[in-house]
$ cat upload00.cif   # mmCIF, C-alpha atoms
data_model
loop_
_atom_site.label_atom_id
_atom_site.label_comp_id
_atom_site.auth_asym_id
_atom_site.auth_seq_id
_atom_site.Cartn_x
_atom_site.Cartn_y
_atom_site.Cartn_z
CA MET A 1 20.78 -185.13 -8.62
CA ILE A 2 21.15 -185.89 -12.36
CA GLU A 3 18.42 -186.65 -14.88
CA ILE A 4 19.22 -189.81 -16.89
CA ASN A 5 18.87 -189.39 -20.69
CA LYS A 6 15.84 -187.04 -20.36
CA THR A 7 13.68 -189.87 -18.99
CA ARG A 8 12.60 -187.81 -15.95
CA ILE A 9 14.14 -190.54 -13.81
CA TYR A 10 16.80 -189.04 -11.55
CA LYS A 11 19.95 -190.48 -10.09
CA LYS A 12 21.26 -189.71 -6.64
CA GLY A 13 24.13 -191.82 -5.38
CA GLY A 14 23.20 -195.38 -6.36
CA ASP A 15 19.45 -194.77 -6.18
CA LEU A 16 16.99 -193.99 -8.96
CA LEU A 17 14.24 -191.51 -8.10
CA THR A 18 11.05 -190.11 -9.60
CA LYS A 19 9.23 -187.00 -8.42
CA ASN A 20 5.69 -187.39 -7.17
CA PRO A 21 3.75 -184.38 -8.53
CA TYR A 22 1.14 -184.55 -5.76
CA THR A 23 3.34 -184.73 -2.67
CA LYS A 24 6.38 -183.00 -4.31
CA LYS A 25 8.60 -185.69 -2.84
CA TYR A 26 11.14 -187.91 -4.58
CA GLU A 27 10.33 -191.63 -4.46
CA LYS A 28 12.87 -194.40 -4.82
CA ILE A 29 12.42 -196.84 -7.70
CA ASP A 30 14.10 -200.22 -7.34
CA PRO A 31 15.52 -201.77 -10.55
CA ARG A 32 14.94 -205.22 -9.06
CA HIS A 33 11.21 -204.55 -8.81
CA SER A 34 10.70 -202.50 -11.93
CA LYS A 35 11.86 -203.50 -15.39
CA LEU A 36 11.63 -199.90 -16.59
CA ALA A 37 14.10 -198.81 -13.91
CA ALA A 38 16.35 -201.77 -14.73
CA ALA A 39 16.38 -200.80 -18.41
CA VAL A 40 17.13 -197.16 -17.61
CA LYS A 41 19.92 -198.20 -15.27
CA LYS A 42 21.36 -200.37 -18.03
CA GLY A 43 21.61 -197.24 -20.18
CA LEU A 44 18.44 -197.07 -22.28
CA SER A 45 18.78 -194.15 -24.71
CA GLN A 46 15.12 -193.05 -24.53
CA THR A 47 11.80 -194.26 -23.15
CA GLY A 48 9.42 -192.03 -25.07
CA ILE A 49 7.55 -191.28 -21.82
CA LYS A 50 7.68 -187.51 -21.35
CA GLU A 51 5.88 -184.99 -19.23
CA ASN A 52 2.16 -184.83 -20.12
CA SER A 53 2.27 -188.02 -22.23
CA ARG A 54 -0.53 -190.54 -22.09
CA VAL A 55 0.62 -194.07 -21.37
CA LEU A 56 -1.23 -197.34 -21.84
CA TYR A 57 0.28 -199.72 -19.31
CA LEU A 58 -0.45 -203.41 -19.85
CA GLY A 59 0.22 -205.85 -17.03
CA ALA A 60 0.04 -203.27 -14.25
CA SER A 61 -0.19 -205.87 -11.42
CA HIS A 62 0.09 -204.24 -7.97
CA GLY A 63 0.98 -200.89 -9.47
CA TYR A 64 4.64 -200.44 -8.53
CA THR A 65 5.96 -199.33 -11.91
CA PRO A 66 2.66 -197.65 -13.01
CA GLY A 67 2.89 -195.45 -9.92
CA HIS A 68 6.34 -194.28 -11.00
CA VAL A 69 5.19 -193.84 -14.60
CA SER A 70 2.42 -191.60 -13.27
CA ASN A 71 5.14 -189.62 -11.46
CA ILE A 72 7.06 -189.28 -14.71
CA VAL A 73 4.12 -188.04 -16.78
CA GLY A 74 3.06 -185.65 -14.03
CA LYS A 75 -0.34 -184.09 -13.39
CA GLY A 76 -0.94 -183.31 -17.06
CA GLY A 77 -0.39 -186.87 -18.25
CA LEU A 78 -2.45 -190.04 -17.90
CA VAL A 79 -1.65 -193.66 -17.16
CA PHE A 80 -4.19 -196.31 -18.17
CA CYS A 81 -3.37 -199.44 -16.14
CA VAL A 82 -4.71 -202.66 -17.66
CA GLU A 83 -4.69 -205.71 -15.42
CA ASN A 84 -6.66 -208.92 -15.83
CA SER A 85 -6.46 -210.50 -12.39
CA VAL A 86 -8.98 -209.15 -9.87
CA VAL A 87 -6.95 -210.32 -6.87
CA VAL A 88 -3.89 -208.35 -7.95
CA ALA A 89 -5.91 -205.35 -9.14
CA ARG A 90 -7.14 -204.57 -5.61
CA ASP A 91 -3.90 -202.75 -4.75
CA LEU A 92 -3.92 -201.08 -8.15
CA VAL A 93 -7.42 -199.63 -7.73
CA LEU A 94 -6.52 -198.28 -4.29
CA LEU A 95 -3.45 -196.59 -5.80
CA CYS A 96 -5.59 -195.13 -8.59
CA LYS A 97 -7.86 -193.63 -5.94
CA GLU A 98 -4.89 -191.71 -4.53
CA LYS A 99 -3.45 -190.55 -7.86
CA SER A 100 -5.88 -188.75 -10.12
CA ASN A 101 -3.83 -189.30 -13.30
CA MET A 102 -4.06 -193.11 -13.06
CA HIS A 103 -7.01 -195.04 -14.47
CA PRO A 104 -7.70 -198.67 -13.51
CA LEU A 105 -8.90 -200.95 -16.33
CA ILE A 106 -9.68 -204.51 -15.28
CA PHE A 107 -9.60 -206.16 -18.71
CA SER A 108 -7.60 -208.74 -20.58
CA ALA A 109 -4.82 -207.07 -22.57
CA ASP A 110 -5.40 -209.69 -25.26
CA LYS A 111 -8.63 -207.95 -26.31
CA PRO A 112 -7.93 -204.24 -26.87
CA GLY A 113 -11.39 -203.80 -28.37
CA ASP A 114 -12.95 -204.22 -24.91
CA TYR A 115 -11.25 -201.19 -23.35
CA LYS A 116 -10.62 -199.10 -26.49
CA ASP A 117 -13.47 -196.72 -25.61
CA ARG A 118 -12.09 -196.05 -22.15
CA LEU A 119 -8.87 -194.44 -23.42
CA VAL A 120 -8.03 -191.04 -24.84
CA GLY A 121 -5.26 -190.46 -27.39
CA VAL A 122 -2.48 -192.76 -26.20
CA ASP A 123 1.15 -191.76 -26.92
CA VAL A 124 3.03 -194.71 -25.45
CA VAL A 125 2.29 -198.39 -24.85
CA TYR A 126 4.21 -200.10 -22.08
CA GLN A 127 3.79 -203.85 -21.94
CA ASP A 128 4.96 -206.29 -19.31
CA VAL A 129 2.58 -209.25 -19.22
CA ALA A 130 4.94 -212.28 -19.41
CA GLN A 131 2.67 -214.37 -21.63
CA LYS A 132 3.35 -216.79 -24.42
CA ASN A 133 1.74 -214.52 -27.04
CA GLN A 134 3.33 -211.43 -25.49
CA VAL A 135 4.58 -209.97 -28.75
CA GLY A 136 1.21 -210.50 -30.43
CA ILE A 137 -0.56 -208.68 -27.61
CA PHE A 138 2.00 -205.87 -27.86
CA LEU A 139 1.50 -205.39 -31.61
CA LYS A 140 -2.28 -205.50 -31.24
CA ASN A 141 -2.19 -202.74 -28.63
CA LEU A 142 0.25 -200.69 -30.67
CA GLY A 143 -2.71 -200.18 -33.00
CA LEU A 144 -4.24 -197.88 -30.37
CA VAL A 145 -1.24 -195.52 -30.51
CA LYS A 146 -0.89 -192.51 -32.79
CA LYS A 147 1.56 -192.59 -35.66
CA GLY A 148 5.10 -191.99 -34.40
CA GLY A 149 4.14 -193.14 -30.89
CA PHE A 150 6.40 -195.27 -28.78
CA GLY A 151 6.07 -198.86 -27.64
CA LEU A 152 8.01 -200.36 -24.74
CA LEU A 153 8.14 -204.13 -24.38
CA ALA A 154 9.60 -206.02 -21.43
CA LEU A 155 10.01 -209.54 -22.74
CA LYS A 156 10.39 -212.61 -20.55
CA ALA A 157 12.15 -215.21 -22.65
CA ARG A 158 11.08 -218.10 -20.43
CA SER A 159 7.40 -217.24 -20.94
CA TYR A 160 7.78 -216.80 -24.68
CA ASP A 161 9.31 -220.25 -25.19
CA VAL A 162 10.87 -222.34 -22.42
CA SER A 163 12.51 -224.81 -24.74
CA LYS A 164 14.60 -222.21 -26.60
CA LYS A 165 17.66 -220.39 -25.33
CA PRO A 166 16.94 -216.77 -24.31
CA GLY A 167 19.43 -215.37 -26.86
CA VAL A 168 17.60 -217.12 -29.70
CA VAL A 169 14.25 -215.82 -28.47
CA PHE A 170 15.51 -212.23 -28.29
CA LYS A 171 16.73 -212.33 -31.90
CA GLU A 172 13.49 -213.92 -33.08
CA VAL A 173 11.40 -211.23 -31.38
CA LEU A 174 13.63 -208.49 -32.75
CA LYS A 175 12.98 -209.73 -36.29
CA GLU A 176 9.24 -209.96 -35.61
CA LEU A 177 9.15 -206.39 -34.29
CA GLU A 178 11.25 -205.00 -37.16
CA LYS A 179 8.65 -206.22 -39.66
CA GLU A 180 6.00 -203.80 -38.37
CA THR A 181 7.90 -201.13 -36.40
CA ASN A 182 11.21 -199.30 -36.13
CA VAL A 183 13.20 -200.73 -33.25
CA VAL A 184 14.92 -197.84 -31.51
CA ASP A 185 16.70 -199.55 -28.65
CA PHE A 186 17.22 -202.96 -27.12
CA LYS A 187 18.71 -203.83 -23.72
CA LEU A 188 19.21 -207.01 -21.72
CA LEU A 189 18.13 -206.63 -18.09
CA ASP A 190 20.73 -209.08 -16.94
CA PRO A 191 21.79 -208.55 -13.32
CA TYR A 192 18.34 -207.25 -12.29
CA GLU A 193 16.00 -209.67 -14.11
CA LYS A 194 17.14 -213.03 -15.41
CA ASP A 195 16.39 -213.85 -19.09
CA HIS A 196 14.54 -210.58 -19.72
CA ALA A 197 14.98 -208.05 -22.49
CA PHE A 198 13.62 -204.55 -23.02
CA TYR A 199 12.65 -203.22 -26.45
CA VAL A 200 11.82 -199.65 -27.43
CA VAL A 201 10.01 -199.33 -30.76
CA LYS A 202 8.55 -196.47 -32.73
CA LYS A 203 5.36 -196.92 -34.72
CA LYS A 204 5.78 -196.59 -38.48
CA MET B 1 -12.94 -183.21 -26.37
CA VAL B 2 -13.23 -185.93 -23.77
CA ASP B 3 -13.88 -184.88 -20.19
CA ILE B 4 -11.02 -186.57 -18.34
CA ASP B 5 -12.58 -186.27 -14.87
CA LEU B 6 -15.72 -187.98 -16.14
CA LEU B 7 -13.63 -190.70 -17.80
CA LYS B 8 -11.74 -191.30 -14.56
CA LYS B 9 -15.01 -191.56 -12.65
CA SER B 10 -16.43 -194.05 -15.12
CA ASN B 11 -13.24 -196.12 -15.11
CA MET B 12 -13.13 -196.18 -11.30
CA ASP B 13 -16.81 -197.21 -11.14
CA ASP B 14 -16.18 -200.02 -13.61
CA ALA B 15 -13.21 -201.23 -11.57
CA ARG B 16 -15.24 -201.12 -8.35
CA VAL B 17 -18.00 -203.23 -9.88
CA LYS B 18 -15.47 -205.74 -11.15
CA LEU B 19 -13.72 -205.96 -7.78
CA ARG B 20 -17.05 -206.66 -6.12
CA LYS B 21 -17.90 -209.36 -8.62
CA GLY B 22 -14.37 -210.71 -8.34
CA LEU B 23 -14.98 -213.19 -5.52
CA THR B 24 -16.06 -216.23 -7.52
CA ASP B 25 -16.63 -219.79 -6.32
CA ASP B 26 -13.35 -220.71 -8.03
CA LEU B 27 -11.45 -218.27 -5.83
CA LEU B 28 -13.19 -219.53 -2.68
CA VAL B 29 -12.08 -223.08 -3.44
CA ILE B 30 -8.54 -221.98 -4.31
CA ASN B 31 -8.15 -219.90 -1.15
CA ALA B 32 -9.51 -222.74 1.00
CA ILE B 33 -7.13 -225.36 -0.44
CA ASN B 34 -4.15 -223.00 -0.08
CA THR B 35 -4.97 -222.39 3.57
CA LEU B 36 -5.57 -226.07 4.16
CA GLU B 37 -2.21 -227.07 2.71
CA ASP B 38 -0.41 -224.46 4.79
CA LEU B 39 -2.24 -225.67 7.90
CA ASP B 40 -1.19 -229.26 7.21
CA VAL B 41 2.47 -228.28 7.13
CA GLN B 42 2.25 -226.04 10.19
CA ILE B 43 0.32 -228.54 12.29
CA ASN B 44 2.80 -231.24 11.40
CA SER B 45 5.85 -229.23 12.43
CA LEU B 46 4.18 -227.89 15.58
CA SER B 47 3.21 -231.43 16.57
CA MET B 48 6.79 -232.56 16.13
CA ARG B 49 7.97 -229.79 18.48
CA LEU B 50 5.35 -230.70 21.06
CA LYS B 51 6.41 -234.31 20.78
CA ASP B 52 10.02 -233.35 21.52
CA TRP B 53 8.91 -231.32 24.51
CA TYR B 54 6.42 -233.77 26.01
CA GLY B 55 8.96 -236.56 25.41
CA PHE B 56 10.85 -235.37 28.49
CA VAL B 57 7.74 -235.80 30.64
CA ASN B 58 6.41 -239.09 29.29
CA PRO B 59 8.93 -240.82 26.98
CA GLU B 60 7.08 -244.17 26.97
CA LEU B 61 3.83 -242.75 25.70
CA VAL B 62 5.45 -240.55 23.06
CA ARG B 63 7.47 -243.46 21.66
CA ASP B 64 4.38 -245.61 21.11
CA LEU B 65 2.28 -242.76 19.71
CA LYS B 66 1.60 -243.24 16.00
CA ASP B 67 -0.91 -240.48 15.31
CA TYR B 68 0.28 -237.03 16.34
CA SER B 69 -3.17 -235.52 15.97
CA VAL B 70 -4.15 -236.97 19.35
CA LEU B 71 -1.01 -235.62 21.02
CA SER B 72 -2.55 -232.30 22.03
CA LYS B 73 -5.51 -234.12 23.54
CA VAL B 74 -3.18 -236.42 25.48
CA VAL B 75 -1.20 -233.47 26.85
CA LEU B 76 -4.31 -231.51 27.80
CA GLU B 77 -6.32 -234.30 29.39
CA GLY B 78 -3.84 -236.92 30.58
CA PHE B 79 -0.78 -234.94 31.63
CA GLU B 80 1.26 -237.36 33.73
CA VAL B 81 4.91 -237.97 34.54
CA SER B 82 5.98 -241.53 33.74
CA GLU B 83 8.70 -243.72 35.27
CA PHE B 84 11.52 -242.30 33.17
CA GLY B 85 9.99 -238.82 32.89
CA VAL B 86 11.15 -235.52 34.32
CA VAL B 87 9.03 -233.57 36.76
CA LEU B 88 8.59 -230.11 35.23
CA GLY B 89 8.28 -226.88 37.16
CA LYS B 90 4.96 -225.03 37.21
CA LYS B 91 6.01 -222.52 34.56
CA GLU B 92 7.06 -225.21 32.12
CA LYS B 93 3.90 -227.21 32.71
CA ASP B 94 1.74 -224.15 32.02
CA LEU B 95 3.72 -223.51 28.86
CA LEU B 96 3.13 -227.04 27.59
CA LEU B 97 -0.59 -226.89 28.37
CA ASN B 98 -0.86 -223.57 26.54
CA TYR B 99 0.98 -224.99 23.54
CA ALA B 100 -1.28 -228.02 23.41
CA GLY B 101 -4.32 -225.74 23.60
CA VAL B 102 -3.16 -223.75 20.57
CA LEU B 103 -2.49 -226.94 18.64
CA LYS B 104 -5.89 -228.32 19.51
CA SER B 105 -7.66 -225.21 18.27
CA LEU B 106 -5.64 -225.35 15.05
CA LEU B 107 -6.72 -228.96 14.56
CA SER B 108 -10.38 -228.14 15.08
CA PHE B 109 -10.08 -225.25 12.62
CA LYS B 110 -8.52 -227.61 10.10
CA ASN B 111 -11.46 -230.00 10.42
CA TYR B 112 -13.87 -227.09 10.00
CA LEU B 113 -12.02 -225.91 6.89
CA GLU B 114 -12.02 -229.42 5.42
CA ASP B 115 -15.80 -229.67 5.85
CA TYR B 116 -16.23 -226.25 4.27
CA LEU B 117 -14.05 -227.16 1.30
CA LYS B 118 -15.90 -230.44 0.84
CA ASN B 119 -19.26 -228.69 0.84
CA ILE B 120 -18.27 -225.96 -1.56
CA CYS B 121 -16.61 -228.43 -3.95
CA GLU B 122 -19.74 -230.57 -4.02
CA LYS B 123 -21.88 -227.53 -4.69
CA HIS B 124 -19.60 -225.92 -7.27
CA MET B 125 -18.45 -229.05 -9.14
CA PRO B 126 -20.70 -232.03 -8.24
CA ASN B 127 -19.50 -234.42 -10.95
CA PHE B 128 -15.83 -233.63 -10.68
CA SER B 129 -15.62 -233.80 -6.89
CA TYR B 130 -17.59 -237.07 -6.81
CA LEU B 131 -15.04 -238.72 -9.07
CA ALA B 132 -11.83 -237.06 -7.86
CA GLY B 133 -12.45 -236.33 -4.18
CA PHE B 134 -12.50 -232.80 -2.85
CA ARG B 135 -8.76 -232.35 -2.24
CA ILE B 136 -7.71 -233.36 -5.74
CA THR B 137 -10.58 -231.31 -7.18
CA ALA B 138 -9.39 -228.21 -5.37
CA LYS B 139 -5.75 -228.75 -6.34
CA LEU B 140 -6.61 -229.26 -10.01
CA LEU B 141 -8.83 -226.19 -9.96
CA ARG B 142 -5.98 -224.17 -8.47
CA GLU B 143 -3.59 -225.26 -11.21
CA ALA B 144 -6.21 -224.52 -13.90
CA ARG B 145 -7.08 -221.17 -12.19
CA SER B 146 -10.78 -221.37 -13.09
CA LEU B 147 -13.48 -223.91 -13.89
CA LYS B 148 -13.80 -222.41 -17.34
CA ARG B 149 -10.19 -223.17 -18.15
CA LEU B 150 -10.44 -226.62 -16.56
CA ALA B 151 -13.47 -227.40 -18.72
CA THR B 152 -11.63 -226.42 -21.89
CA MET B 153 -8.58 -228.53 -21.06
CA GLN B 154 -7.78 -231.79 -22.79
CA SER B 155 -7.78 -234.90 -20.63
CA SER B 156 -4.03 -235.30 -21.13
CA THR B 157 -3.48 -231.83 -19.67
CA ILE B 158 -5.61 -232.68 -16.63
CA GLN B 159 -3.63 -235.90 -16.27
CA LEU B 160 -0.37 -233.95 -15.98
CA LEU B 161 -1.54 -230.99 -13.86
CA GLY B 162 0.82 -230.80 -10.90
CA ALA B 163 3.66 -232.48 -12.81
CA GLU B 164 4.75 -229.33 -14.65
CA LYS B 165 8.34 -229.58 -13.46
CA ALA B 166 8.77 -233.09 -14.83
CA LEU B 167 6.90 -232.18 -18.01
CA PHE B 168 9.11 -229.19 -18.80
CA ARG B 169 12.20 -231.22 -17.95
CA HIS B 170 10.92 -233.75 -20.50
CA ILE B 171 10.38 -231.06 -23.15
CA LYS B 172 13.69 -229.36 -22.47
CA THR B 173 16.12 -232.25 -22.03
CA GLY B 174 14.25 -235.24 -23.40
CA ALA B 175 14.07 -237.01 -20.04
CA LYS B 176 11.30 -239.54 -19.34
CA ASN B 177 7.81 -238.10 -19.63
CA PRO B 178 5.60 -237.92 -16.52
CA LYS B 179 2.46 -240.07 -16.46
CA TYR B 180 0.46 -238.41 -13.70
CA GLY B 181 0.32 -235.23 -11.63
CA TYR B 182 -2.00 -234.55 -8.70
CA ILE B 183 -4.30 -237.43 -9.65
CA LEU B 184 -1.65 -239.87 -8.43
CA SER B 185 -3.05 -239.40 -4.91
CA HIS B 186 -6.44 -240.71 -6.08
CA GLU B 187 -7.23 -244.17 -4.74
CA LEU B 188 -7.91 -245.68 -8.15
CA VAL B 189 -4.52 -244.57 -9.44
CA LYS B 190 -2.56 -245.14 -6.26
CA ASN B 191 -3.68 -248.74 -5.76
CA SER B 192 -3.58 -249.72 -9.42
CA ARG B 193 -0.84 -251.94 -10.78
CA ASP B 194 -0.59 -249.98 -14.02
CA LYS B 195 -0.64 -246.43 -12.70
CA GLY B 196 -0.19 -244.82 -16.11
CA LYS B 197 -3.24 -246.57 -17.52
CA ALA B 198 -5.35 -245.73 -14.49
CA ALA B 199 -4.30 -242.08 -14.66
CA ARG B 200 -5.20 -241.98 -18.34
CA LEU B 201 -8.67 -243.47 -17.78
CA LEU B 202 -9.37 -241.25 -14.78
CA SER B 203 -8.30 -238.01 -16.46
CA ASP B 204 -10.40 -238.91 -19.49
CA LYS B 205 -13.53 -239.07 -17.37
CA LEU B 206 -12.49 -236.06 -15.28
CA SER B 207 -12.33 -233.86 -18.35
CA LEU B 208 -15.89 -234.94 -19.23
CA CYS B 209 -16.97 -234.18 -15.65
CA ALA B 210 -15.44 -230.70 -15.77
CA ARG B 211 -17.46 -229.93 -18.89
CA LEU B 212 -20.64 -231.27 -17.31
CA ASP B 213 -20.07 -229.05 -14.28
CA TYR B 214 -19.22 -225.93 -16.24
CA PHE B 215 -22.20 -226.23 -18.60
CA MET B 216 -24.59 -227.27 -15.80
CA GLY B 217 -25.08 -230.79 -17.11
CA ASP B 218 -26.61 -233.83 -15.39
CA PHE B 219 -24.99 -235.97 -12.74
CA LYS B 220 -23.14 -238.76 -14.55
CA ALA B 221 -20.05 -239.24 -12.40
CA SER B 222 -21.19 -242.57 -10.90
CA GLU B 223 -21.59 -244.07 -14.39
CA TYR B 224 -18.11 -242.89 -15.30
CA GLU B 225 -16.67 -244.40 -12.15
CA ALA B 226 -18.23 -247.77 -12.99
CA GLU B 227 -16.76 -247.56 -16.51
CA ILE B 228 -13.27 -246.91 -15.15
CA MET B 229 -13.58 -249.83 -12.70
CA ALA B 230 -14.66 -252.16 -15.49
CA LYS B 231 -11.74 -251.17 -17.68
CA LEU B 232 -9.19 -251.53 -14.92
CA LYS B 233 -10.14 -255.15 -14.18
#
$ encode --input "upload00.cif" --output "structure tokens"
Amino acid sequence: MIEINKTRIYKKGGDLLTKNPYTKKYEKIDPRHSKLAAAVKKGLSQTGIKENSRVLYLGASHGYTPGHVSNIVGKGGLVFCVENSVVVARDLVLLCKEKSNMHPLIFSADKPGDYKDRLVGVDVVYQDVAQKNQVGIFLKNLGLVKKGGFGLLALKARSYDVSKKPGVVFKEVLKELEKETNVVDFKLLDPYEKDHAFYVVKKK
Amino acid sequence: MVDIDLLKKSNMDDARVKLRKGLTDDLLVINAINTLEDLDVQINSLSMRLKDWYGFVNPELVRDLKDYSVLSKVVLEGFEVSEFGVVLGKKEKDLLLNYAGVLKSLLSFKNYLEDYLKNICEKHMPNFSYLAGFRITAKLLREARSLKRLATMQSSTIQLLGAEKALFRHIKTGAKNPKYGYILSHELVKNSRDKGKAARLLSDKLSLCARLDYFMGDFKASEYEAEIMAKLK
């Protein structure tokens, strides 16, 4: 078993694994389900999510990737899962009941002011909401992070602008991000997710 | 220093409250129309299978049958072998009767669901469902995801709900623009000579109705209907 780029995601054969701190078992993470795993498999240099970090996860949906992020941060870390849809959040809340380091927040990620008081000292923002104003939401939430904190953005080009070609969108977003942050890494998620890109930024 | 256990408890409590409040009238309507559409498809394909099967027993009757919804009733109550039919064994006959029974119960459930949807639409959106009919109301609400969003939509957006594929094709490649979405199945639009105009007039009034319903306004849908009729003539 090899750790990939100090991300606390392990590789065994063709599978990616994370270690559940509660059951002490390794759980498989599928790059076709999780954009984080896809990015790591594509060779992302760093994720910024370490042991004991506190992650603000926007667009948690059923809680597949948040569950693995909670494995990565371990018992000492925290994952705040923000999800707007009540129907989808049912599974998420049940998962949060099992794992004590996950917090469910049923709010719209567009309004960080609503859930600002329910967080403590966030180190990393992970955002995967597939909305038209995705980058705007990301930058707004990056305001909640400490200086030098990381931001991870999984961008869906078809949600950002259907009428433009994905390559054009990715460049546009890169420029937009570089105005306010330092872009550390950028990967296309090609065989696993169509027309998606993954950005890692560091707050100035 | 923040007490993390306390924070977790408060966050979980908040989530529980929100989950409990989560079942809105919008969601009831959306779930009902989704189930109803699935049932339509299933009942149709099951009826076709039963038709194939019963066709061996009574080919004359099956050929002349126009409405498959009575098929299960025919099989259950008037099972008879015709001149060109095959006499089935006991096992096969039992199988067919069972099948028809399942289909009949599905049909009665569908009627029940339709009544339920009609009632809840009339209660939740009286103006809108009066003008659009309950099926179109439910479909438009599903596309809009909530009455709040439907009420804030422009009439041109309501006009094209359900025609997203054609609309994006138009934006992307410059193909012809769509003129109507789900409201095409409305009688006023369907039977009109100028469907684009009818769709435009109808969606105009529908957007007003959605606002009336969301902000608890008066019942004005019958006036609107008369206005549309006058303009279409």
$ closest_atom_pairs --input "upload00.cif" --of "chain B" --to "chain A" --cutoff "7 Å" --atoms "all atoms listed in the file" --output "Markdown table"
| residue | atom | partner | partner_atom | distance |
| --- | --- | --- | --- | --- |
| B:Lys8 | CA | A:His103 | CA | 6.0 |
| B:Asn11 | CA | A:Pro104 | CA | 6.3 |
| B:Met12 | CA | A:Pro104 | CA | 6.4 |
| B:Ala15 | CA | A:Ile106 | CA | 6.1 |
| B:Leu19 | CA | A:Val86 | CA | 6.1 |
| B:Gly22 | CA | A:Val86 | CA | 5.8 |
| B:Ile171 | CA | A:Ser163 | CA | 6.8 |
| B:Lys172 | CA | A:Ser163 | CA | 5.2 |
$ write_last_selection --input "upload00.cif" --atoms "C-alpha atoms" --output "tab-separated table (two decimals), keeping the file's coordinate frame"
chain	number	residue	atom	x	y	z
B	8	LYS	CA	-11.74	-191.30	-14.56
B	11	ASN	CA	-13.24	-196.12	-15.11
B	12	MET	CA	-13.13	-196.18	-11.30
B	15	ALA	CA	-13.21	-201.23	-11.57
B	19	LEU	CA	-13.72	-205.96	-7.78
B	22	GLY	CA	-14.37	-210.71	-8.34
B	171	ILE	CA	10.38	-231.06	-23.15
B	172	LYS	CA	13.69	-229.36	-22.47
$ residues_around --input "upload00.cif" --residues "Tyr64 in chain A" --least-positions-apart "5" --cutoff "10 Å" --atoms "only C-alpha atoms" --output "short mmCIF file (atom, residue, chain, number, x, y, z; two decimals) with C-alpha atoms, keeping the file's coordinate frame"
data_model
loop_
_atom_site.label_atom_id
_atom_site.label_comp_id
_atom_site.auth_asym_id
_atom_site.auth_seq_id
_atom_site.Cartn_x
_atom_site.Cartn_y
_atom_site.Cartn_z
CA ILE A 29 12.42 -196.84 -7.70
CA ASP A 30 14.10 -200.22 -7.34
CA HIS A 33 11.21 -204.55 -8.81
CA SER A 34 10.70 -202.50 -11.93
CA VAL A 69 5.19 -193.84 -14.60
CA ASP A 91 -3.90 -202.75 -4.75
CA LEU A 92 -3.92 -201.08 -8.15
CA LEU A 95 -3.45 -196.59 -5.80
#
$ atom_distance --input "upload00.cif" --atom1 "CA of Lys66 in chain B" --atom2 "CA of Tyr54 in chain B"
14.6 Å
$ atom_distance --input "upload00.cif" --atom1 "CA of Ala221 in chain B" --atom2 "CA of Gly181 in chain B"
20.8 Å
$ resolve_selection --input "upload00.cif" --expression "the PyMOL selection byres ((chain B and resi 128-144) around 8)" --output "PyMOL selection string"
chain B and resi 26+29-30+33+117-118+121-122+125-127+145-147+149-150+158+161-162+182-183+185-186+206+209-210+213+221-222+225
$ closest_residue --input "upload00.cif" --among "A:Val183, A:Leu174, A:Leu17, A:Ala157" --to "Val40 in chain A" --atoms "only C-alpha atoms"
A:Leu17
$ atom_distance --input "upload00.cif" --atom1 "CA of Leu36 in chain A" --atom2 "CA of Asn71 in chain A"
13.2 Å
$ resolve_selection --input "upload00.cif" --expression "the PyMOL selection byres ((chain A and resi 156) around 7)" --output "mmCIF file with C-alpha atoms, keeping the file's coordinate frame"
data_model
loop_
_atom_site.group_PDB
_atom_site.id
_atom_site.type_symbol
_atom_site.label_atom_id
_atom_site.label_comp_id
_atom_site.auth_asym_id
_atom_site.auth_seq_id
_atom_site.Cartn_x
_atom_site.Cartn_y
_atom_site.Cartn_z
ATOM 1 C CA ALA A 130 4.940 -212.280 -19.410
ATOM 2 C CA ALA A 154 9.600 -206.020 -21.430
ATOM 3 C CA LEU A 155 10.010 -209.540 -22.740
ATOM 4 C CA ALA A 157 12.150 -215.210 -22.650
ATOM 5 C CA ARG A 158 11.080 -218.100 -20.430
ATOM 6 C CA SER A 159 7.400 -217.240 -20.940
ATOM 7 C CA TYR A 160 7.780 -216.800 -24.680
ATOM 8 C CA ASP A 195 16.390 -213.850 -19.090
ATOM 9 C CA HIS A 196 14.540 -210.580 -19.720
ATOM 10 C CA ALA A 197 14.980 -208.050 -22.490
#
$ resolve_selection --input "upload00.cif" --expression "the PyMOL selection byres ((chain A and resi 182) around 7)" --output "ChimeraX atom specification"
/A:178,181,183-184,201-204
$ closest_residue --input "upload00.cif" --among "A:Leu177, A:Val82, A:Ile9, A:Leu153" --to "Asp114 in chain A" --atoms "all atoms listed in the file"
A:Val82
$ closest_residue --input "upload00.cif" --among "B:Ala230, B:Leu113, B:Val102, B:Leu188" --to "Glu37 in chain B" --atoms "only C-alpha atoms"
B:Leu113
$ residues_near_point --input "upload00.cif" --point "(-1.6, -195.3, -25.4)" --cutoff "7 Å" --atoms "only C-alpha atoms" --output "list in words"
Arg54, Val55, Leu56, Gly121, Val122, Asp123, Val124, Val125, Leu144 and Val145 of chain A
$ write_last_selection --input "upload00.cif" --atoms "C-alpha atoms" --output "PDB file, keeping the file's coordinate frame"
ATOM      1  CA  ARG A  54      -0.530-190.540 -22.090  1.00  0.00           C
ATOM      2  CA  VAL A  55       0.620-194.070 -21.370  1.00  0.00           C
ATOM      3  CA  LEU A  56      -1.230-197.340 -21.840  1.00  0.00           C
ATOM      4  CA  GLY A 121      -5.260-190.460 -27.390  1.00  0.00           C
ATOM      5  CA  VAL A 122      -2.480-192.760 -26.200  1.00  0.00           C
ATOM      6  CA  ASP A 123       1.150-191.760 -26.920  1.00  0.00           C
ATOM      7  CA  VAL A 124       3.030-194.710 -25.450  1.00  0.00           C
ATOM      8  CA  VAL A 125       2.290-198.390 -24.850  1.00  0.00           C
ATOM      9  CA  LEU A 144      -4.240-197.880 -30.370  1.00  0.00           C
ATOM     10  CA  VAL A 145      -1.240-195.520 -30.510  1.00  0.00           C
TER      11      VAL A 145
END
